[in-house]
Amino acid sequence: MKRILIIEDQPDIRKLIHMTLEFERYEIHEAADGGLGLRMAKALLPDLMLLDIMMPGELDGLQVCRCIKSDPDLAHIKVVLLTARGQATDREAGNKVGADEYLVKPFSPLQLIDVIENLIEAA
Amino acid sequence: MPRPSLVTLFFPTRWRLRHQVLCLLIGVTSLTMLLLSQISSRHLSTVASESARRWAHGIAQAAANSAAYKLATRDTKGIEVSLRQFASLPGVARIEALDQQGHVLVVLPSGPGRDMPASDRGVADPSALEMAWVPVGLDGRDGSIGVSFSSKAETLNLESLRSDTMVAIGVTGLLSIVGASLLLGRALAPLQRVAGFARTLVSQPGAQLRTRTDSHELRELARALNEASMLLQEQHAAIHIRDQHTQGIVDAVPDAIIGIDANGSILRASPAVASIFGREPQDLIGRPLAELLPGLSGDDAESRTLAGLFMRSSGTHVTRFQIDALRHGGTSFPAEVSLARLPPSPGDGVDAMRYACAVRDVTDQRTLDAQLNLYVRALECSSNGIVIADLSLAGKPTIYANAAFTRITGYDTTEAVGRNLDFLQGEDRNQHETALLDTAMSQGRSLTMIARHYRADGSLFFDEISIAPVLDENGKPQHCVCILDDVTERERARLAIAERNARLNAIFDLSPDGFVVFDREGRLVHSNQAFLAMTGWSETVLIEGLNLAQFDQRLATLCAPDASYPAVRPMVAEENRVDVLQLVKPRQRVLTRLARHNAGGQGESILYFRDVTHETQVDRMKSEFLTTAAHELRTPMVSVFGFTELLLHRPVSEERRRDVLETIHRQSSLLIAMINDLLDLARIESRQGVDLQRENTPLALLVKDTVERMAGAMSGHVLHIELGCGNENAVLWVDPVKTSRALTNVLSNAVKYSSTGSVLDISSEVKGTLLGIAVRDRGMGMSAEQLSRVFERFYRADPSGNIPGTGLGMSLVKEIVEQQDGQVEIQSQTGEGTIVTLWLPLAAAGASVDYAPPRPIKASG
């Protein structure tokens with residue numbers, strides 16, 4: 001069972017992702033803000049993280065991603081950034097912090113499944 | 001020539017007086033003698049004839065007496081004897097005795113050959129015989145005796161007597177003549193001396209005749225002559241002096257004065273001839289005038305003068321003309337000639353002076369005239385109006401105005417002359433400058449000023465008047481030259497420039513942008529207040545005369561040390577580079593700087609500073625806002641898009657599907673609300689209060705109406721409305737609809753962020769002209785950090801999404817309240833609740849109420 005961590009402040013979106021992946025064989029965990037998400041990531045060591053960029057709280061998505069990718073213990077975790085910001089600069093910012101994939105909201109659930117499968121299979 | 005009278009014909013008066021007297025004496029003597037001889041001759045013959053008749057009668061009587069008897073007796077012999085004695089008497093030529101019948105009895109001498117002296121014979125003519133008949137006897141009865149008596153002897157006696165007399169008279173006459181001649185000669189000698197003296201008088205005026213023992217008359221004459229001589233001497237002297245004067249005048253006159261005879265030859269010439277014609281006066285004598293004045297002959301002079309002016313007093317004809325004269329050496333020059341024709345006097349010869357001629361070299365005058373002409377033409381040609389006023393006359397009238405004056409003012413020259421120039425002011429008399437003009441004129445100063453003048457058609461023009469007084473020899477202004485220039489265009493331009501300058505100055509002063517001006521030498525000469533405010537520098541920076549390098553150095557100290565300071569490059573005129581300065585002192589600012597080198601003007605450099613701190617912030621905020629707005633709009637779309645896709649592709653239970661649809665609906669509603677709020681906010685912001693329809697709105701109605709309309713949204717909250725004493729009747733000056741919207745947002749937040757069933761208070765408070773509507777909840781409250789961001793767009797105090805909201809509500813409240821000159825005040829404590837107070841303006845006292853609520857207000861709890 002692959003383990004997936006969702007870090008997203010909007011409960012409706014967490015619910016949507018959860019519902020999208022419920023028929024797959026994934027172990028799904030959720031966190032509502034960056035700080036909590038990072039702690040959970042360290043504890044759970046998920047295979048993949050779905051990370052919202054704009055989140056209230058002490059850490060936003062980019063910071064969380066940077067922490068993950070700069071930590072040798074966590075660097076293997078695949079990170080998919082979810083963001084409402086779809087401009088080139090935003091994607092660049094994502095690449096800089098070492099994100100593996102970049103999905104712009106609103107995203108297609110089917111596309112999300114494809115992205116996740118591709119990343120996990122590649123791993 | 002007087003006709004010689006009869007007297008002078010026979011008595012030549014030209015003769016000397018002595019001769020005249022002698023001649024007269026001779027004539028008179030001769031005439032007397034002639035007359036005397038004539039008279040005496042006639043008288044003599046008469047006397048002789050009478051005497052002969054008496055003699056004849058006497059002798060006849062005597063003969064008759066002696067022969068009476070004999071005759072009676074006819075004694076012829078006797079008679080003869082008697083008669084013979086008588087016949088021998090001297091003078092008796094014949095005695096005849098006639099008888100009574102008349103028969104000759106005796107005739108004695110008897111025959112014609114009678115013995116008579118030869119001398120007598122010649123004389124004896126019958127006319128010299130006197131015949132006397134004496135009757136003899138009574139009534140001649142005895143006959144008669146006739147005696148023929150010859151008067152010859154008598155006549156001869158008388159003749160002899162007469163001759164003696166004549167001789168005596170002749171001698172007397174001769175003696176008288178001689179005497180008279182001597183007497184006259186003696187008497188006339190002094191006269192001749194006097195005459196001789198008189199003759200010398202002419203040559204020796206003032207000579208005195210010494211009178212000796214002359215007659216009274218002569219002494220009188222001499223005295224008279226002496227007086228006349230003295231007088232003559234005086235007059236002579238006077239004439240001499242006058243002559244000298246005249247000569248002096250003639251010599252002094254710069255004109256050449258030339259005397260000419262009838263043929264046009266020069267008789268006299270004044271010394272000025274030398275200077276005018278370059279020829280010595282004495283050389284000209286006898287030369288024709290035409291040598292000096294070509295073409296002027298004697299005939300020409302005659303015709304010219306006779307056509308000229310006739311001076312009755314002197315009998316001269318005078319003419320004046322200009323002619324080209326010839327100087328020595330052949331150069332000609334313009335000359336003015338005055339030619340007078342003197343009246344000819346009878347004894348004048350051909351060489352008598354006939355014309356007097358004064359010649360003046362008018363070359364200088366011509367030049368002067370030409371120059372003067374040029375000046376006058378120049379005045380006329382001037383594009384400026386030129387007016388000359390006579391200050392010595394009352395009213396300082398204009399005496400000259402040129403053509404440009406007419407062109408500028410529309411007044412004809414004749415309309416201007418005689419009037420003071422101030423007539424151009426028309427009705428507009430109270431001009432400050434004209435007082436200056438009068439002062440300057442009276443002080444004899446020059447002045448240039450601009451007056452409002454009116455043309456002939458009444459139109460206004462700005463007239464630049466330059467006055468220059470013309471002083472007389474005493475330094476008193478006598479005339480005044482005024483130069484007029486229509487400077488309306490210039491004045492308008494000047495006013496426009498002044499206006500523009502004032503405007504620019506105002507703009508620079510008011511401008512929030514900073515300006516710094518460097519002069520050609522690169523010294524700071526000007527900066528406006530805005531720049532000083534930006535940099536915090538004092539005005540002394542203007543006095544210091546900083547150069548560009550110093551300026552740069554000083555400005556660099558204000559900038560953030562990590563940001564490099566771009567040095568000014570003002571000399572690059574073409575470049576329009578905008579430099580950005582990050583100031584940290586006196587406070588954080590972002591300035592843009594533009595340098596402009598004014599190459600066309602004075603070579604100044606102008607630095608333009610613009611404080612873009614706010615703009616930068618706004619830009620950043622706008623960019624953030626857009627990003628945020630996009631994000632906030634995309635977030636609900638994630639649910640809508642994602643869930644609908646899942647519903648389409650996956651079989652879901654009915655219960656699940658309902659849950660998913662509710663989520664979709666909720667997120668869609670949020671999306672709609674967000675879009676509405678955004679649009680409202682955008683409209684309110686962009687319209688800047690134009691949409692506001694403010695009216696007098698009663699507070700109580702506004703609150704009640706708002707509360708009533710959102711009654712449905714209240715989820716069991718307890719609402720206390722306590723407007724406070726006296727405020728129930730308060731009237732606000734607000735847009736009721738928009739204010740109600742703001743109040744609704746505040747109440748909505750209070751409801752959303754407080755737990756169900758908690759108490760909400762609405763109260764009011766008056767502070768000055770504002771009334772505060774306070775909404776208090778007892779909900780979760782906000783931290784100071786949250787409080788500072790409460791008006792940010794899309795800011796949510798609760799980001800979890802559990803409390804629905806767009807994050808735009810408080811932004812809208814702020815916009816609505818502030819655009820009505822109000823303020824929003826928020827007090828909040830985490831966990832204790834929040835008080836939001838909307839401060840809104842009160843309507844003016846006594847204002848009538850306009851607001852009518854859309855529906856009746858129900859009591860609400």
# chains A, B, ... in the order shown; residues from 1 in each chain; ligands from 1
$ interface_residues --of "chain B" --to "chain A" --cutoff "12 Å" --atoms "only C-alpha atoms" --output "ChimeraX atom specification"
/B:624,626-652,656-657,659-667,786,795-804
$ write_last_selection --atoms "C-alpha atoms" --output "mmCIF file, in the first residue's frame"
data_model
loop_
_atom_site.group_PDB
_atom_site.id
_atom_site.type_symbol
_atom_site.label_atom_id
_atom_site.label_comp_id
_atom_site.auth_asym_id
_atom_site.auth_seq_id
_atom_site.Cartn_x
_atom_site.Cartn_y
_atom_site.Cartn_z
ATOM 1 C CA GLU B 624 -1.351 40.546 -4.767
ATOM 2 C CA LEU B 626 -5.272 39.783 -8.447
ATOM 3 C CA THR B 627 -3.312 36.740 -7.425
ATOM 4 C CA THR B 628 -5.407 36.381 -4.333
ATOM 5 C CA ALA B 629 -8.635 36.940 -6.224
ATOM 6 C CA ALA B 630 -7.663 34.325 -8.805
ATOM 7 C CA HIS B 631 -6.741 31.939 -6.080
ATOM 8 C CA GLU B 632 -9.880 32.605 -4.104
ATOM 9 C CA LEU B 633 -12.040 32.108 -7.183
ATOM 10 C CA ARG B 634 -10.195 28.962 -8.237
ATOM 11 C CA THR B 635 -10.573 27.377 -4.818
ATOM 12 C CA PRO B 636 -14.403 26.982 -4.970
ATOM 13 C CA MET B 637 -14.001 25.945 -8.599
ATOM 14 C CA VAL B 638 -11.861 22.997 -7.498
ATOM 15 C CA SER B 639 -14.870 21.546 -5.685
ATOM 16 C CA VAL B 640 -17.347 22.379 -8.441
ATOM 17 C CA PHE B 641 -15.099 21.002 -11.221
ATOM 18 C CA GLY B 642 -13.727 18.014 -9.329
ATOM 19 C CA PHE B 643 -16.946 16.738 -7.793
ATOM 20 C CA THR B 644 -18.923 17.070 -11.018
ATOM 21 C CA GLU B 645 -16.199 15.110 -12.850
ATOM 22 C CA LEU B 646 -16.338 12.378 -10.231
ATOM 23 C CA LEU B 647 -20.137 12.281 -10.407
ATOM 24 C CA LEU B 648 -19.880 11.907 -14.174
ATOM 25 C CA HIS B 649 -17.360 9.109 -14.115
ATOM 26 C CA ARG B 650 -18.172 7.176 -11.029
ATOM 27 C CA PRO B 651 -21.216 5.448 -9.691
ATOM 28 C CA VAL B 652 -22.031 6.937 -6.322
ATOM 29 C CA ARG B 656 -23.219 10.399 -1.266
ATOM 30 C CA ARG B 657 -24.348 12.098 -4.330
ATOM 31 C CA ASP B 659 -23.642 15.330 -0.072
ATOM 32 C CA VAL B 660 -21.445 16.007 -3.095
ATOM 33 C CA LEU B 661 -24.110 18.160 -4.738
ATOM 34 C CA GLU B 662 -24.570 20.172 -1.536
ATOM 35 C CA THR B 663 -20.835 20.817 -1.525
ATOM 36 C CA ILE B 664 -20.938 21.861 -5.154
ATOM 37 C CA HIS B 665 -23.888 24.158 -4.439
ATOM 38 C CA ARG B 666 -22.259 25.711 -1.433
ATOM 39 C CA GLN B 667 -19.046 26.350 -3.251
ATOM 40 C CA GLN B 786 -5.793 39.655 12.484
ATOM 41 C CA TYR B 795 -8.659 38.176 4.322
ATOM 42 C CA ARG B 796 -10.477 35.685 6.398
ATOM 43 C CA ALA B 797 -10.140 35.631 10.162
ATOM 44 C CA ASP B 798 -11.099 32.003 9.871
ATOM 45 C CA PRO B 799 -9.287 30.488 6.892
ATOM 46 C CA SER B 800 -10.629 27.024 7.505
ATOM 47 C CA GLY B 801 -13.642 27.544 5.306
ATOM 48 C CA ASN B 802 -15.953 26.538 8.085
ATOM 49 C CA ILE B 803 -17.374 30.028 8.193
ATOM 50 C CA PRO B 804 -18.669 31.023 4.794
#
$ residues_around --residues "Leu119 of chain A" --least-positions-apart "4" --cutoff "10 Å" --atoms "only C-alpha atoms" --output "PyMOL selection string"
chain A and resi 47-48+78-80+100-101+113-115+123
$ write_last_selection --atoms "N, CA and C atoms" --output "PDB file, in the first residue's frame"
ATOM      1  N   ASP A  47       4.814   8.064   0.557  1.00  0.00           N
ATOM      2  CA  ASP A  47       5.432   7.921  -0.744  1.00  0.00           C
ATOM      3  C   ASP A  47       5.214   9.185  -1.586  1.00  0.00           C
ATOM      4  N   LEU A  48       4.083   9.800  -1.298  1.00  0.00           N
ATOM      5  CA  LEU A  48       3.729  10.965  -2.111  1.00  0.00           C
ATOM      6  C   LEU A  48       2.954  11.970  -1.282  1.00  0.00           C
ATOM      7  N   LYS A  78       7.739  11.897  -3.160  1.00  0.00           N
ATOM      8  CA  LYS A  78       7.269  12.637  -4.337  1.00  0.00           C
ATOM      9  C   LYS A  78       6.322  13.737  -3.883  1.00  0.00           C
ATOM     10  N   VAL A  79       6.498  14.933  -4.387  1.00  0.00           N
ATOM     11  CA  VAL A  79       5.657  16.069  -3.984  1.00  0.00           C
ATOM     12  C   VAL A  79       4.899  16.604  -5.203  1.00  0.00           C
ATOM     13  N   VAL A  80       3.597  16.637  -5.085  1.00  0.00           N
ATOM     14  CA  VAL A  80       2.760  17.264  -6.123  1.00  0.00           C
ATOM     15  C   VAL A  80       2.203  18.558  -5.544  1.00  0.00           C
ATOM     16  N   ASP A 100       7.921  17.640  -7.620  1.00  0.00           N
ATOM     17  CA  ASP A 100       7.971  16.680  -8.717  1.00  0.00           C
ATOM     18  C   ASP A 100       6.886  16.974  -9.757  1.00  0.00           C
ATOM     19  N   GLU A 101       5.798  17.487  -9.296  1.00  0.00           N
ATOM     20  CA  GLU A 101       4.712  17.783 -10.238  1.00  0.00           C
ATOM     21  C   GLU A 101       3.979  19.024  -9.764  1.00  0.00           C
ATOM     22  N   ILE A 113      -5.280  11.312 -10.663  1.00  0.00           N
ATOM     23  CA  ILE A 113      -5.000   9.871 -10.514  1.00  0.00           C
ATOM     24  C   ILE A 113      -3.831   9.483 -11.430  1.00  0.00           C
ATOM     25  N   ASP A 114      -3.871   9.959 -12.672  1.00  0.00           N
ATOM     26  CA  ASP A 114      -2.808   9.642 -13.631  1.00  0.00           C
ATOM     27  C   ASP A 114      -1.456  10.119 -13.112  1.00  0.00           C
ATOM     28  N   VAL A 115      -1.458  11.365 -12.636  1.00  0.00           N
ATOM     29  CA  VAL A 115      -0.216  11.973 -12.151  1.00  0.00           C
ATOM     30  C   VAL A 115       0.350  11.133 -11.002  1.00  0.00           C
ATOM     31  N   ALA A 123       8.719   5.432  -9.211  1.00  0.00           N
ATOM     32  CA  ALA A 123       9.544   5.347  -8.026  1.00  0.00           C
ATOM     33  C   ALA A 123      10.087   3.923  -7.782  1.00  0.00           C
TER      34      ALA A 123
END
$ residues_around --residues "Ser783 of chain B" --least-positions-apart "5" --cutoff "8 Å" --atoms "only C-alpha atoms" --output "ChimeraX atom specification"
/B:828-830
$ select_by_dssp --residues "chain A" --states "alpha helix (DSSP H)" --output "JSON, numbers by chain"
{"A": [11, 12, 13, 14, 15, 16, 17, 18, 19, 20, 21, 34, 35, 36, 37, 38, 39, 40, 41, 42, 43, 44, 61, 62, 63, 64, 65, 66, 67, 68, 69, 70, 88, 89, 90, 91, 92, 93, 94, 95, 96, 109, 110, 111, 112, 113, 114, 115, 116, 117, 118, 119, 120, 121, 122]}
$ closest_residue --among "B:Ala301, B:Leu504, B:Arg18, B:Phe321" --to "Ala187 of chain B" --atoms "only C-alpha atoms"
B:Arg18
$ residues_around --residues "segment 354-369 of chain B" --least-positions-apart "4" --cutoff "6 Å" --atoms "only C-alpha atoms" --output "PyMOL selection string"
chain B and resi 255-262+334-342+373
$ write_last_selection --atoms "N, CA and C atoms" --output "CSV table (one decimal), in the first residue's frame"
chain,number,residue,atom,x,y,z
B,255,ASP,N,26.7,136.0,-47.3
B,255,ASP,CA,26.3,135.9,-48.7
B,255,ASP,C,27.2,136.8,-49.6
B,256,ALA,N,27.4,136.3,-50.8
B,256,ALA,CA,28.2,137.1,-51.7
B,256,ALA,C,27.3,138.2,-52.2
B,257,ILE,N,27.6,139.5,-52.1
B,257,ILE,CA,26.8,140.5,-52.6
B,257,ILE,C,27.5,141.2,-53.8
B,258,ILE,N,26.8,141.2,-54.9
B,258,ILE,CA,27.4,141.6,-56.2
B,258,ILE,C,26.6,142.7,-56.8
B,259,GLY,N,27.3,143.7,-57.3
B,259,GLY,CA,26.6,144.8,-58.0
B,259,GLY,C,26.8,144.5,-59.5
B,260,ILE,N,25.8,144.7,-60.3
B,260,ILE,CA,25.9,144.3,-61.7
B,260,ILE,C,25.3,145.5,-62.5
B,261,ASP,N,25.9,145.7,-63.7
B,261,ASP,CA,25.3,146.7,-64.6
B,261,ASP,C,24.3,146.1,-65.5
B,262,ALA,N,23.7,147.0,-66.3
B,262,ALA,CA,22.6,146.5,-67.2
B,262,ALA,C,23.0,145.3,-68.1
B,334,PRO,N,24.8,124.3,-55.4
B,334,PRO,CA,23.5,125.0,-55.3
B,334,PRO,C,23.6,126.3,-54.6
B,335,ALA,N,22.9,127.3,-55.2
B,335,ALA,CA,23.0,128.6,-54.6
B,335,ALA,C,21.6,129.2,-54.6
B,336,GLU,N,21.3,130.0,-53.6
B,336,GLU,CA,20.1,130.8,-53.5
B,336,GLU,C,20.4,132.2,-53.9
B,337,VAL,N,19.7,132.7,-54.9
B,337,VAL,CA,20.1,134.1,-55.4
B,337,VAL,C,18.9,135.0,-55.1
B,338,SER,N,19.3,136.2,-54.5
B,338,SER,CA,18.3,137.2,-54.3
B,338,SER,C,18.7,138.3,-55.3
B,339,LEU,N,17.9,138.7,-56.2
B,339,LEU,CA,18.3,139.6,-57.2
B,339,LEU,C,17.3,140.8,-57.2
B,340,ALA,N,17.9,142.0,-57.0
B,340,ALA,CA,17.1,143.2,-57.0
B,340,ALA,C,17.4,144.1,-58.2
B,341,ARG,N,16.4,144.6,-58.8
B,341,ARG,CA,16.7,145.5,-59.9
B,341,ARG,C,16.4,146.9,-59.4
B,342,LEU,N,17.5,147.8,-59.4
B,342,LEU,CA,17.4,149.1,-58.9
B,342,LEU,C,16.7,150.0,-60.0
B,373,ASN,N,14.6,116.3,-44.2
B,373,ASN,CA,13.7,115.6,-45.0
B,373,ASN,C,13.7,114.1,-44.7
$ residues_around --residues "segment 754-764 of chain B" --least-positions-apart "5" --cutoff "9 Å" --atoms "only C-alpha atoms" --output "number ranges by chain"
B: 703, 714-724, 727, 747, 749, 771-781, 833, 837
$ residues_around --residues "His29 of chain A" --least-positions-apart "6" --cutoff "8 Å" --atoms "only C-alpha atoms" --output "PyMOL selection string"
chain A and resi 3-6
$ atom_distance --atom1 "atom CA of Glu154 of chain B" --atom2 "atom CA of Ala48 of chain B"
5.7 Å
$ residues_around --residues "segment 426-441 of chain B" --least-positions-apart "2" --cutoff "8 Å" --atoms "only C-alpha atoms" --output "MDAnalysis selection string"
chainID B and resid 422:424 443:447 449:454 467 469 477 480
$ atom_distance --atom1 "atom CA of Lys585 of chain B" --atom2 "atom CA of Val525 of chain B"
23.2 Å
$ select_by_dssp --residues "segment 328-409 of chain B" --states "strand (DSSP E)" --output "count of residues only"
29
$ atom_distance --atom1 "atom CA of Ala93 of chain B" --atom2 "atom CA of Pro109 of chain B"
7.5 Å
